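J.: A single structure is presented below for examination.
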Amino acid sequence: MSSLVVFPFKSVEVDLVLRNLTIAATHHAVEEVLGVGTEGATTAIVAETAGAIESETDTRVSVAIQERIGIHRPGKGDAMNTAMRRFLDSSHRYLHFYDADITNFDHDWIDAAESAATGGFDVVRHYFPRASTDAMITWMVTRPGFALAHPTSLLWRIAQPLGGELLMVRSAVEHLVSDPRVAERSDWGIDTMITFATVAAGLDIAEVFITDGKQHSLYGSLEDLRLMVVECFAAMASVRSAPLLSPGRYHVDPSAPAGDEVTTKVGYSLETTLPLLTDGWSDDEVELAVSVPFGHELVRNRDSIHFEFADGDCWREILSGLLDLADPANATWQSVIFRFWVARVLAYTTTTALGGHGYAMGELETLVSDYAAGAV
Ligand code: DGY
């Protein structure tokens with residue numbers, strides 16, 4: 001009876017992956033640590049060093065190449081699905097996942113999850129303070145989208161539905177592996193789908209708070225998040241009409257104010273983001289954009305930068321319109337939802353976010369609950 005800790009990784013510094021594998025391997029409850037990567041130089045180096053970590057820590061440490069399991073872009077989802085299948089072939093009791101890029105990973109993350117699981121929860125999700133201009137997919141797509149589509153559910157309340165840090169007990173993993181929506185989701189949509197599937201099944205869910213947050217590098221331009229926006233939106237939209245069982249037991253640790261490390265962090269570069277709104281419009285994009293509420297405002301960016309319209313109220317209408325028109329495989333649709341999202345993030349960054357971290361977080365939280373209340 002023991003735990004397996006998994007780090008999916010791709011473009012992460014090798015030293016960071018090795019550091020995190022070593023920390024996990026020295027935890028008393030952890031019997032095995034697994035890195036899951038794609039074929040390539042990083043994985044080869046990590047695999048070469050795994051044996052040394054294993055001898056040093058006396059815990060099984062290995063690296064696997066992610067299998068092709070899903071039907072979307074091969075990405076993080078294939079890695080997580082590979083790990084879930086390996087876990088079911090083992091006799092471990094708990095499966096932990098952590099993103100490999102956490103620079104302040106330590107035993108507290110494992111302790112917090114293990115203790116909630118021992119207390120009877122099927123799924124334990126970590127949450128932590130994030131910069132007010134970080135988590136922009138969580139705040140502008142996933143939580144509001146869930147609030148509009150499933151307003152009476154627990155889904156939109158989950159603080160970090162895209163979080164890659166979580167623990168699952170064996171029965172929860174069995175459930176996820178048997179759900180084709182999870183198996184299919186090979187891309188960035190996996191976190192959304194795991195959140196959805198665990199809530200929809202009525203599993204008992206706890207959210208544990210990690211005070212120091214997750215220190216990781218933030219983004220350059222919002223362009224860095226294009227793929228993630230599109231794939232997370234697609235995953236959320238794909239379950240907008242899916243049925244949910246009644247919620248299981250739910251516990252959320254109280255949060256605490258964020259430290260300076262988080263409150264003073266800037267999420268992305270404004271300067272390199274602005275051209276994403278103005279440049280390269282095709283006729284097809286214009287045609288699609290204007291069929292969505294406030295699309296005429298968005299296409300004004302062809303002449304000059306224009307994002308102020310995208311406040312919280314108008315975003316509710318835009319998001320509903322985008323959900324109705326969801327066509328994730330269509331490149332024009334992808335480009336249009338991305339531009340709408342960029343406008344919304346810029347509007348928020350230059351208004352609400354300027355009010356300070358605590359204020360901005362409160363406003364975002366209120367907005368999400370208002371969307372849910374309005375959609376009931
Ligand atoms: C999110 O929005 O939570 C993603 O991790 C991007 O920051």
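Labels used: A, B, ... for chains in the order of the structure tokens, numbers from 1 for residues in each chain, and numbers from 1 for ligands as shown.
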With a cut-off of 12 Å, could you pull out the residues of chain A touching ligand 1 and give me the nearest pair of atoms for each, distance in Å to one decimal, using only C-alpha atoms and all ligand atoms, ordered by chain and ascending number, as a Markdown table?

T.:
| residue | atom | partner | partner_atom_place_in_ligand_line | distance |
| --- | --- | --- | --- | --- |
| A:Asp99 | CA | ligand 1 | 5 (O) | 10.7 |
| A:Asp101 | CA | ligand 1 | 5 (O) | 11.9 |
| A:Tyr127 | CA | ligand 1 | 3 (O) | 10.7 |
| A:Phe128 | CA | ligand 1 | 3 (O) | 11.2 |
| A:Pro129 | CA | ligand 1 | 3 (O) | 11.2 |
| A:Arg130 | CA | ligand 1 | 3 (O) | 8.8 |
| A:Ala131 | CA | ligand 1 | 7 (O) | 9.4 |
| A:Ser132 | CA | ligand 1 | 7 (O) | 10.3 |
| A:Thr133 | CA | ligand 1 | 7 (O) | 8.4 |
| A:Asp134 | CA | ligand 1 | 7 (O) | 5.0 |
| A:Ala135 | CA | ligand 1 | 2 (O) | 3.2 |
| A:Met136 | CA | ligand 1 | 2 (O) | 4.2 |
| A:Ile137 | CA | ligand 1 | 2 (O) | 3.3 |
| A:Thr138 | CA | ligand 1 | 2 (O) | 3.9 |
| A:Trp139 | CA | ligand 1 | 2 (O) | 6.4 |
| A:Met140 | CA | ligand 1 | 2 (O) | 7.8 |
| A:Val141 | CA | ligand 1 | 2 (O) | 8.1 |
| A:Thr142 | CA | ligand 1 | 2 (O) | 8.1 |
| A:Arg143 | CA | ligand 1 | 2 (O) | 9.7 |
| A:Pro144 | CA | ligand 1 | 2 (O) | 11.8 |
| A:Ile158 | CA | ligand 1 | 3 (O) | 11.7 |
| A:Ala159 | CA | ligand 1 | 3 (O) | 9.6 |
| A:Gln160 | CA | ligand 1 | 3 (O) | 6.6 |
| A:Pro161 | CA | ligand 1 | 3 (O) | 7.6 |
| A:Leu162 | CA | ligand 1 | 3 (O) | 5.5 |
| A:Gly163 | CA | ligand 1 | 3 (O) | 6.8 |
| A:Gly164 | CA | ligand 1 | 5 (O) | 8.8 |
| A:Glu165 | CA | ligand 1 | 5 (O) | 11.4 |
| A:Trp188 | CA | ligand 1 | 4 (C) | 9.7 |
| A:Gly189 | CA | ligand 1 | 4 (C) | 11.0 |
| A:Asp191 | CA | ligand 1 | 5 (O) | 9.9 |
| A:Thr192 | CA | ligand 1 | 3 (O) | 10.2 |
| A:Lys214 | CA | ligand 1 | 5 (O) | 10.9 |
| A:His216 | CA | ligand 1 | 7 (O) | 10.3 |
| A:Ser217 | CA | ligand 1 | 7 (O) | 10.3 |
| A:Leu218 | CA | ligand 1 | 7 (O) | 7.8 |
| A:Tyr219 | CA | ligand 1 | 7 (O) | 8.2 |
| A:Gly220 | CA | ligand 1 | 7 (O) | 11.6 |
| A:Ser221 | CA | ligand 1 | 7 (O) | 11.9 |
| A:Leu222 | CA | ligand 1 | 6 (C) | 9.6 |
| A:Glu223 | CA | ligand 1 | 6 (C) | 11.5 |
| A:Asp224 | CA | ligand 1 | 6 (C) | 9.5 |
| A:Leu225 | CA | ligand 1 | 6 (C) | 6.8 |
| A:Arg226 | CA | ligand 1 | 6 (C) | 10.0 |
| A:Leu227 | CA | ligand 1 | 6 (C) | 10.6 |
| A:Met228 | CA | ligand 1 | 6 (C) | 7.5 |
| A:Val229 | CA | ligand 1 | 2 (O) | 8.1 |
| A:Val230 | CA | ligand 1 | 2 (O) | 11.6 |
| A:Glu231 | CA | ligand 1 | 4 (C) | 11.3 |
| A:Cys232 | CA | ligand 1 | 2 (O) | 9.1 |
| A:Phe233 | CA | ligand 1 | 2 (O) | 10.9 |
| A:Val266 | CA | ligand 1 | 7 (O) | 11.7 |
| A:Gly267 | CA | ligand 1 | 7 (O) | 8.2 |
| A:Tyr268 | CA | ligand 1 | 7 (O) | 9.7 |
| A:Trp341 | CA | ligand 1 | 2 (O) | 11.4 |
| A:Val345 | CA | ligand 1 | 2 (O) | 10.8 |

J.: Write out as a ChimeraX atom specification the residues lying within 10 Å of Thr57 of chain A, counting only C-alpha atoms and excluding same-chain residues fewer than 6 positions away.

T.: /A:22-27,51

J.: Between atom CA of Glu261 of chain A and atom CA of Pro8 of chain A, what distance in Å does the model show, to one decimal?

T.: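 Calculated distance between atom CA of Glu261 of chain A and atom CA of Pro8 of chain A is 25.4 Å.
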
J.: Considering only C-alpha atoms, state which residue in the set A:Leu203, A:Val299, A:Val252, A:Leu346 is at the smallest distance from Leu274 of chain A.

T.: A:Leu346

J.: Neighbours of Val169 of chain A within 12 Å (only C-alpha atoms; same-chain residues fewer than 3 positions away dropped), as an MDAnalysis selection string?

T.: chainID A and resid 1:4 84 87:88 91:97 113:114 116:125 166 172:176 198 203:205

J.: Please dump the current selection as a CSV table (one decimal), in the first residue's frame; keep N, CA, C and O atoms.

T.:
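Result file result_22.csv:
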chain,number,residue,atom,x,y,z
A,1,MET,N,0.8,-1.2,0.0
A,1,MET,CA,0.0,0.0,0.0
A,1,MET,C,0.9,1.2,0.0
A,1,MET,O,1.5,1.5,1.0
A,2,SER,N,0.9,1.9,-1.1
A,2,SER,CA,1.9,3.0,-1.2
A,2,SER,C,1.5,3.9,-2.4
A,2,SER,O,0.5,3.7,-3.0
A,3,SER,N,2.3,4.9,-2.6
A,3,SER,CA,2.0,5.9,-3.7
A,3,SER,C,2.9,5.8,-4.9
A,3,SER,O,4.1,5.6,-4.7
A,4,LEU,N,2.3,6.2,-6.0
A,4,LEU,CA,3.1,6.4,-7.2
A,4,LEU,C,3.0,7.9,-7.5
A,4,LEU,O,1.9,8.4,-7.6
A,84,MET,N,-1.8,6.7,-16.0
A,84,MET,CA,-3.0,6.1,-15.3
A,84,MET,C,-3.0,4.6,-15.6
A,84,MET,O,-3.3,3.8,-14.7
A,87,PHE,N,-0.4,2.9,-13.6
A,87,PHE,CA,-0.8,2.8,-12.2
A,87,PHE,C,-1.7,1.6,-11.9
A,87,PHE,O,-1.6,0.9,-11.0
A,88,LEU,N,-2.6,1.5,-12.8
A,88,LEU,CA,-3.6,0.4,-12.6
A,88,LEU,C,-2.9,-1.0,-12.8
A,88,LEU,O,-3.4,-2.0,-12.2
A,91,SER,N,0.4,-2.1,-7.8
A,91,SER,CA,-0.5,-2.3,-6.7
A,91,SER,C,-0.5,-1.1,-5.8
A,91,SER,O,-1.0,-1.1,-4.7
A,92,HIS,N,-0.1,0.1,-6.3
A,92,HIS,CA,0.0,1.3,-5.5
A,92,HIS,C,-1.4,1.7,-5.1
A,92,HIS,O,-2.4,1.5,-5.9
A,93,ARG,N,-1.5,2.4,-4.0
A,93,ARG,CA,-2.8,2.9,-3.5
A,93,ARG,C,-3.2,4.2,-4.1
A,93,ARG,O,-4.4,4.4,-4.5
A,94,TYR,N,-2.3,5.1,-4.1
A,94,TYR,CA,-2.6,6.5,-4.6
A,94,TYR,C,-1.7,6.9,-5.8
A,94,TYR,O,-0.5,6.5,-5.8
A,95,LEU,N,-2.3,7.6,-6.7
A,95,LEU,CA,-1.6,8.1,-7.8
A,95,LEU,C,-1.5,9.7,-7.7
A,95,LEU,O,-2.5,10.3,-7.6
A,96,HIS,N,-0.3,10.2,-7.6
A,96,HIS,CA,-0.1,11.7,-7.6
A,96,HIS,C,0.4,12.1,-8.9
A,96,HIS,O,1.3,11.5,-9.5
A,97,PHE,N,-0.1,13.3,-9.4
A,97,PHE,CA,0.5,13.9,-10.6
A,97,PHE,C,1.0,15.3,-10.1
A,97,PHE,O,0.3,16.0,-9.4
A,113,ALA,N,-1.8,16.1,0.1
A,113,ALA,CA,-2.6,15.3,-0.7
A,113,ALA,C,-2.9,13.9,0.0
A,113,ALA,O,-4.0,13.5,0.1
A,114,GLU,N,-1.8,13.4,0.5
A,114,GLU,CA,-2.0,12.1,1.2
A,114,GLU,C,-2.9,12.2,2.4
A,114,GLU,O,-3.7,11.3,2.7
A,116,ALA,N,-5.4,14.2,2.9
A,116,ALA,CA,-6.9,14.3,2.5
A,116,ALA,C,-7.4,13.0,1.9
A,116,ALA,O,-8.5,12.6,2.2
A,117,ALA,N,-6.5,12.3,1.3
A,117,ALA,CA,-6.9,11.0,0.7
A,117,ALA,C,-7.1,10.0,1.9
A,117,ALA,O,-8.1,9.2,1.9
A,118,THR,N,-6.3,10.0,2.9
A,118,THR,CA,-6.4,9.1,4.0
A,118,THR,C,-7.8,9.5,4.7
A,118,THR,O,-8.4,8.6,5.3
A,119,GLY,N,-8.2,10.8,4.6
A,119,GLY,CA,-9.4,11.2,5.2
A,119,GLY,C,-10.6,10.8,4.4
A,119,GLY,O,-11.8,11.2,4.7
A,120,GLY,N,-10.4,10.0,3.3
A,120,GLY,CA,-11.5,9.4,2.6
A,120,GLY,C,-11.9,10.1,1.2
A,120,GLY,O,-12.9,9.7,0.6
A,121,PHE,N,-11.1,11.1,0.8
A,121,PHE,CA,-11.5,11.7,-0.5
A,121,PHE,C,-10.9,10.9,-1.6
A,121,PHE,O,-9.8,10.3,-1.5
A,122,ASP,N,-11.7,10.9,-2.7
A,122,ASP,CA,-11.2,10.1,-3.9
A,122,ASP,C,-10.2,10.9,-4.8
A,122,ASP,O,-9.4,10.3,-5.5
A,123,VAL,N,-10.4,12.2,-4.8
A,123,VAL,CA,-9.6,13.1,-5.6
A,123,VAL,C,-9.2,14.2,-4.7
A,123,VAL,O,-10.0,14.8,-4.0
A,124,VAL,N,-7.9,14.5,-4.7
A,124,VAL,CA,-7.4,15.7,-4.0
A,124,VAL,C,-6.7,16.6,-4.9
A,124,VAL,O,-5.7,16.2,-5.6
A,125,ARG,N,-7.1,17.8,-5.0
A,125,ARG,CA,-6.6,18.8,-6.0
A,125,ARG,C,-5.8,19.9,-5.2
A,125,ARG,O,-6.3,20.4,-4.2
A,166,LEU,N,-2.4,16.9,-8.5
A,166,LEU,CA,-3.6,16.2,-7.9
A,166,LEU,C,-3.3,14.8,-7.5
A,166,LEU,O,-2.3,14.2,-8.0
A,172,ALA,N,-10.9,6.0,-8.4
A,172,ALA,CA,-11.0,7.2,-9.3
A,172,ALA,C,-10.3,7.0,-10.6
A,172,ALA,O,-10.8,7.4,-11.7
A,173,VAL,N,-9.1,6.4,-10.5
A,173,VAL,CA,-8.3,6.2,-11.7
A,173,VAL,C,-9.0,5.2,-12.6
A,173,VAL,O,-9.1,5.3,-13.8
A,174,GLU,N,-9.6,4.1,-12.0
A,174,GLU,CA,-10.3,3.1,-12.8
A,174,GLU,C,-11.4,3.8,-13.5
A,174,GLU,O,-11.7,3.5,-14.7
A,175,HIS,N,-12.1,4.7,-12.8
A,175,HIS,CA,-13.2,5.4,-13.5
A,175,HIS,C,-12.7,6.2,-14.6
A,175,HIS,O,-13.3,6.2,-15.7
A,176,LEU,N,-11.7,7.0,-14.4
A,176,LEU,CA,-11.1,7.8,-15.5
A,176,LEU,C,-10.7,7.0,-16.7
A,176,LEU,O,-10.9,7.4,-17.9
A,198,THR,N,-14.4,13.7,-13.0
A,198,THR,CA,-14.4,13.4,-11.6
A,198,THR,C,-15.6,14.0,-10.9
A,198,THR,O,-16.3,13.4,-10.0
A,203,LEU,N,-17.6,11.9,-7.5
A,203,LEU,CA,-16.6,11.5,-6.6
A,203,LEU,C,-16.4,12.5,-5.5
A,203,LEU,O,-16.8,13.7,-5.6
A,204,ASP,N,-15.8,12.0,-4.4
A,204,ASP,CA,-15.5,12.9,-3.2
A,204,ASP,C,-14.2,13.7,-3.5
A,204,ASP,O,-13.2,13.1,-3.8
A,205,ILE,N,-14.3,15.0,-3.5
A,205,ILE,CA,-13.2,15.9,-4.0
A,205,ILE,C,-12.8,16.8,-2.9
A,205,ILE,O,-13.6,17.5,-2.2

J.: Residues of segment 150-246 of chain A in helix (DSSP H, G or I) according to DSSP, as a ChimeraX atom specification?

T.: /A:155-157,170-177,180-184,190-200,222-238

J.: Find the residues around segment 281-288 of chain A up to 10 Å (only C-alpha atoms counted), leave out those fewer than 3 positions away in its own chain, and share them as an mmCIF file with all heavy atoms, in the first residue's frame.

T.:
data_model
loop_
_atom_site.group_PDB
_atom_site.id
_atom_site.type_symbol
_atom_site.label_atom_id
_atom_site.label_comp_id
_atom_site.auth_asym_id
_atom_site.auth_seq_id
_atom_site.Cartn_x
_atom_site.Cartn_y
_atom_site.Cartn_z
ATOM 1 N N LEU A 276 -1.405 40.550 -31.685
ATOM 2 C CA LEU A 276 -2.253 39.355 -31.851
ATOM 3 C C LEU A 276 -3.695 39.740 -32.162
ATOM 4 O O LEU A 276 -4.453 38.960 -32.729
ATOM 5 C CB LEU A 276 -2.238 38.494 -30.578
ATOM 6 C CG LEU A 276 -0.873 38.016 -30.099
ATOM 7 C CD1 LEU A 276 -1.002 37.264 -28.792
ATOM 8 C CD2 LEU A 276 -0.244 37.130 -31.165
ATOM 9 N N LEU A 277 -4.050 40.952 -31.776
ATOM 10 C CA LEU A 277 -5.402 41.417 -32.067
ATOM 11 C C LEU A 277 -5.489 42.065 -33.442
ATOM 12 O O LEU A 277 -6.513 41.966 -34.117
ATOM 13 C CB LEU A 277 -5.831 42.457 -31.030
ATOM 14 C CG LEU A 277 -6.385 41.938 -29.716
ATOM 15 C CD1 LEU A 277 -6.811 43.108 -28.845
ATOM 16 C CD2 LEU A 277 -7.578 41.020 -29.967
ATOM 17 N N THR A 278 -4.440 42.738 -33.811
ATOM 18 C CA THR A 278 -4.544 43.581 -35.004
ATOM 19 C C THR A 278 -4.109 42.891 -36.304
ATOM 20 O O THR A 278 -4.639 43.204 -37.367
ATOM 21 C CB THR A 278 -3.663 44.843 -34.824
ATOM 22 O OG1 THR A 278 -2.354 44.412 -34.400
ATOM 23 C CG2 THR A 278 -4.238 45.781 -33.791
ATOM 24 N N SER A 291 -20.482 36.970 -36.352
ATOM 25 C CA SER A 291 -21.675 36.178 -36.008
ATOM 26 C C SER A 291 -21.736 35.916 -34.497
ATOM 27 O O SER A 291 -22.671 35.306 -34.007
ATOM 28 C CB SER A 291 -21.694 34.860 -36.784
ATOM 29 O OG SER A 291 -20.644 34.035 -36.343
ATOM 30 N N VAL A 292 -20.725 36.385 -33.757
ATOM 31 C CA VAL A 292 -20.681 36.217 -32.297
ATOM 32 C C VAL A 292 -21.002 37.585 -31.691
ATOM 33 O O VAL A 292 -20.625 38.615 -32.259
ATOM 34 C CB VAL A 292 -19.244 35.769 -31.879
ATOM 35 C CG1 VAL A 292 -19.107 35.676 -30.363
ATOM 36 C CG2 VAL A 292 -18.880 34.449 -32.543
ATOM 37 N N GLY A 295 -18.816 40.823 -31.939
ATOM 38 C CA GLY A 295 -17.828 40.534 -32.984
ATOM 39 C C GLY A 295 -17.447 41.775 -33.786
ATOM 40 O O GLY A 295 -16.298 41.916 -34.218
ATOM 41 N N HIS A 296 -18.433 42.704 -33.962
ATOM 42 C CA HIS A 296 -18.102 43.927 -34.713
ATOM 43 C C HIS A 296 -17.047 44.728 -33.980
ATOM 44 O O HIS A 296 -16.203 45.393 -34.595
ATOM 45 C CB HIS A 296 -19.361 44.776 -34.942
ATOM 46 C CG HIS A 296 -20.257 44.167 -35.963
ATOM 47 N ND1 HIS A 296 -21.353 43.411 -35.638
ATOM 48 C CD2 HIS A 296 -20.178 44.183 -37.320
ATOM 49 C CE1 HIS A 296 -21.928 42.978 -36.753
ATOM 50 N NE2 HIS A 296 -21.232 43.437 -37.782
ATOM 51 N N LEU A 298 -14.714 43.397 -32.082
ATOM 52 C CA LEU A 298 -13.432 42.694 -32.228
ATOM 53 C C LEU A 298 -12.784 43.001 -33.574
ATOM 54 O O LEU A 298 -11.587 43.262 -33.647
ATOM 55 C CB LEU A 298 -13.648 41.177 -32.075
ATOM 56 C CG LEU A 298 -12.355 40.365 -32.069
ATOM 57 C CD1 LEU A 298 -11.545 40.601 -30.794
ATOM 58 C CD2 LEU A 298 -12.623 38.867 -32.222
ATOM 59 N N VAL A 299 -13.599 43.009 -34.632
ATOM 60 C CA VAL A 299 -12.982 43.194 -35.950
ATOM 61 C C VAL A 299 -12.492 44.635 -36.167
ATOM 62 O O VAL A 299 -11.712 44.888 -37.086
ATOM 63 C CB VAL A 299 -13.892 42.730 -37.121
ATOM 64 C CG1 VAL A 299 -14.267 41.268 -36.973
ATOM 65 C CG2 VAL A 299 -15.113 43.581 -37.272
ATOM 66 N N ARG A 300 -12.894 45.541 -35.303
ATOM 67 C CA ARG A 300 -12.332 46.910 -35.399
ATOM 68 C C ARG A 300 -10.823 46.919 -35.219
ATOM 69 O O ARG A 300 -10.130 47.875 -35.579
ATOM 70 C CB ARG A 300 -12.978 47.826 -34.344
ATOM 71 C CG ARG A 300 -14.314 48.380 -34.796
ATOM 72 C CD ARG A 300 -14.997 49.185 -33.731
ATOM 73 N NE ARG A 300 -14.179 50.268 -33.217
ATOM 74 C CZ ARG A 300 -14.516 51.043 -32.185
ATOM 75 N NH1 ARG A 300 -15.683 50.855 -31.580
ATOM 76 N NH2 ARG A 300 -13.719 52.003 -31.754
ATOM 77 N N ASN A 301 -10.299 45.827 -34.648
ATOM 78 C CA ASN A 301 -8.850 45.745 -34.466
ATOM 79 C C ASN A 301 -8.087 45.733 -35.795
ATOM 80 O O ASN A 301 -6.880 45.953 -35.806
ATOM 81 C CB ASN A 301 -8.488 44.495 -33.654
ATOM 82 C CG ASN A 301 -8.731 44.724 -32.173
ATOM 83 O OD1 ASN A 301 -7.994 45.455 -31.525
ATOM 84 N ND2 ASN A 301 -9.791 44.112 -31.647
ATOM 85 N N ARG A 302 -8.772 45.472 -36.883
ATOM 86 C CA ARG A 302 -8.085 45.541 -38.185
ATOM 87 C C ARG A 302 -7.599 46.955 -38.446
ATOM 88 O O ARG A 302 -6.635 47.179 -39.156
ATOM 89 C CB ARG A 302 -9.043 45.124 -39.309
ATOM 90 C CG ARG A 302 -9.272 43.622 -39.341
ATOM 91 C CD ARG A 302 -10.227 43.252 -40.426
ATOM 92 N NE ARG A 302 -11.479 44.009 -40.317
ATOM 93 C CZ ARG A 302 -12.395 44.089 -41.253
ATOM 94 N NH1 ARG A 302 -12.218 43.468 -42.402
ATOM 95 N NH2 ARG A 302 -13.501 44.782 -41.074
ATOM 96 N N LEU A 325 -21.294 28.133 -31.050
ATOM 97 C CA LEU A 325 -20.699 27.942 -32.375
ATOM 98 C C LEU A 325 -19.490 27.020 -32.358
ATOM 99 O O LEU A 325 -18.789 26.903 -33.362
ATOM 100 C CB LEU A 325 -20.222 29.295 -32.914
ATOM 101 C CG LEU A 325 -21.289 30.320 -33.265
ATOM 102 C CD1 LEU A 325 -20.653 31.639 -33.648
ATOM 103 C CD2 LEU A 325 -22.117 29.794 -34.437
ATOM 104 N N ALA A 331 -9.840 25.850 -38.170
ATOM 105 C CA ALA A 331 -8.759 26.807 -37.881
ATOM 106 C C ALA A 331 -9.298 28.232 -37.739
ATOM 107 O O ALA A 331 -8.778 29.034 -36.949
ATOM 108 C CB ALA A 331 -7.710 26.750 -38.979
ATOM 109 N N THR A 332 -10.336 28.564 -38.481
ATOM 110 C CA THR A 332 -10.897 29.910 -38.391
ATOM 111 C C THR A 332 -11.533 30.112 -37.022
ATOM 112 O O THR A 332 -11.329 31.140 -36.364
ATOM 113 C CB THR A 332 -11.959 30.128 -39.503
ATOM 114 O OG1 THR A 332 -11.368 29.799 -40.745
ATOM 115 C CG2 THR A 332 -12.479 31.538 -39.518
ATOM 116 N N TRP A 333 -12.281 29.130 -36.597
ATOM 117 C CA TRP A 333 -12.906 29.208 -35.262
ATOM 118 C C TRP A 333 -11.818 29.344 -34.183
ATOM 119 O O TRP A 333 -11.930 30.137 -33.253
ATOM 120 C CB TRP A 333 -13.756 27.946 -35.024
ATOM 121 C CG TRP A 333 -14.444 27.926 -33.704
ATOM 122 C CD1 TRP A 333 -15.648 28.482 -33.397
ATOM 123 C CD2 TRP A 333 -13.968 27.329 -32.490
ATOM 124 N NE1 TRP A 333 -15.949 28.265 -32.064
ATOM 125 C CE2 TRP A 333 -14.934 27.560 -31.487
ATOM 126 C CE3 TRP A 333 -12.813 26.612 -32.158
ATOM 127 C CZ2 TRP A 333 -14.789 27.099 -30.174
ATOM 128 C CZ3 TRP A 333 -12.661 26.152 -30.862
ATOM 129 C CH2 TRP A 333 -13.646 26.404 -29.874
ATOM 130 N N GLN A 334 -10.743 28.570 -34.332
ATOM 131 C CA GLN A 334 -9.655 28.618 -33.340
ATOM 132 C C GLN A 334 -9.073 30.027 -33.251
ATOM 133 O O GLN A 334 -8.832 30.565 -32.176
ATOM 134 C CB GLN A 334 -8.536 27.638 -33.723
ATOM 135 C CG GLN A 334 -8.989 26.188 -33.696
ATOM 136 C CD GLN A 334 -7.904 25.224 -34.164
ATOM 137 O OE1 GLN A 334 -6.826 25.633 -34.586
ATOM 138 N NE2 GLN A 334 -8.199 23.937 -34.111
ATOM 139 N N SER A 335 -8.861 30.597 -34.414
ATOM 140 C CA SER A 335 -8.262 31.919 -34.439
ATOM 141 C C SER A 335 -9.198 32.965 -33.830
ATOM 142 O O SER A 335 -8.776 33.872 -33.099
ATOM 143 C CB SER A 335 -7.919 32.256 -35.886
ATOM 144 O OG SER A 335 -7.341 33.495 -35.936
ATOM 145 N N VAL A 336 -10.494 32.820 -34.124
ATOM 146 C CA VAL A 336 -11.467 33.796 -33.611
ATOM 147 C C VAL A 336 -11.609 33.675 -32.092
ATOM 148 O O VAL A 336 -11.597 34.683 -31.388
ATOM 149 C CB VAL A 336 -12.829 33.642 -34.340
ATOM 150 C CG1 VAL A 336 -13.925 34.412 -33.618
ATOM 151 C CG2 VAL A 336 -12.702 34.124 -35.778
ATOM 152 N N ILE A 337 -11.682 32.458 -31.571
ATOM 153 C CA ILE A 337 -11.829 32.381 -30.108
ATOM 154 C C ILE A 337 -10.557 32.899 -29.442
ATOM 155 O O ILE A 337 -10.607 33.529 -28.402
ATOM 156 C CB ILE A 337 -12.224 30.992 -29.534
ATOM 157 C CG1 ILE A 337 -11.095 30.013 -29.650
ATOM 158 C CG2 ILE A 337 -13.498 30.451 -30.048
ATOM 159 C CD1 ILE A 337 -11.115 29.089 -28.439
ATOM 160 N N ARG A 339 -8.591 35.298 -30.527
ATOM 161 C CA ARG A 339 -8.594 36.777 -30.549
ATOM 162 C C ARG A 339 -9.597 37.336 -29.534
ATOM 163 O O ARG A 339 -9.318 38.318 -28.855
ATOM 164 C CB ARG A 339 -8.948 37.286 -31.947
ATOM 165 C CG ARG A 339 -7.849 37.080 -32.981
ATOM 166 C CD ARG A 339 -8.177 37.944 -34.181
ATOM 167 N NE ARG A 339 -7.602 37.495 -35.415
ATOM 168 C CZ ARG A 339 -6.457 37.962 -35.927
ATOM 169 N NH1 ARG A 339 -5.734 38.833 -35.260
ATOM 170 N NH2 ARG A 339 -6.036 37.539 -37.100
#

J.: Write out as a PyMOL selection string the residues lying within 9 Å of Asp15 of chain A, counting only C-alpha atoms and excluding same-chain residues fewer than 4 positions away.

T.: chain A and resi 19-20+46

J.: Next, dump the selected residues to file, keeping only N, CA and C atoms, as a PDB file, in the first residue's frame.

T.:
ATOM      1  N   ARG A  19      15.439  17.187 -10.206  1.00  0.00           N
ATOM      2  CA  ARG A  19      15.278  17.649  -8.813  1.00  0.00           C
ATOM      3  C   ARG A  19      13.929  17.164  -8.271  1.00  0.00           C
ATOM      4  N   ASN A  20      12.872  17.350  -9.061  1.00  0.00           N
ATOM      5  CA  ASN A  20      11.537  16.982  -8.589  1.00  0.00           C
ATOM      6  C   ASN A  20      11.371  15.464  -8.441  1.00  0.00           C
ATOM      7  N   VAL A  46      16.952  12.433 -18.822  1.00  0.00           N
ATOM      8  CA  VAL A  46      16.264  12.131 -17.556  1.00  0.00           C
ATOM      9  C   VAL A  46      16.315  10.613 -17.314  1.00  0.00           C
TER      10      VAL A  46
END

J.: Pick out the closest residue to Ala100 of chain A from this set: A:Ala201, A:Leu364, A:Leu16, A:Leu354. Count only C-alpha atoms.

T.: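 Of A:Ala201, A:Leu364, A:Leu16, A:Leu354, the one nearest Ala100 of chain A, counting only C-alpha atoms, is A:Leu16.
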
J.: Choose the residue, out of A:Glu13, A:Glu271, A:Glu56, A:Asp78, that has the smallest atom-to-atom separation from Val36 of chain A; count only C-alpha atoms.

T.: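 Between A:Glu13, A:Glu271, A:Glu56, A:Asp78, the residue approaching Val36 of chain A most closely is A:Asp78.
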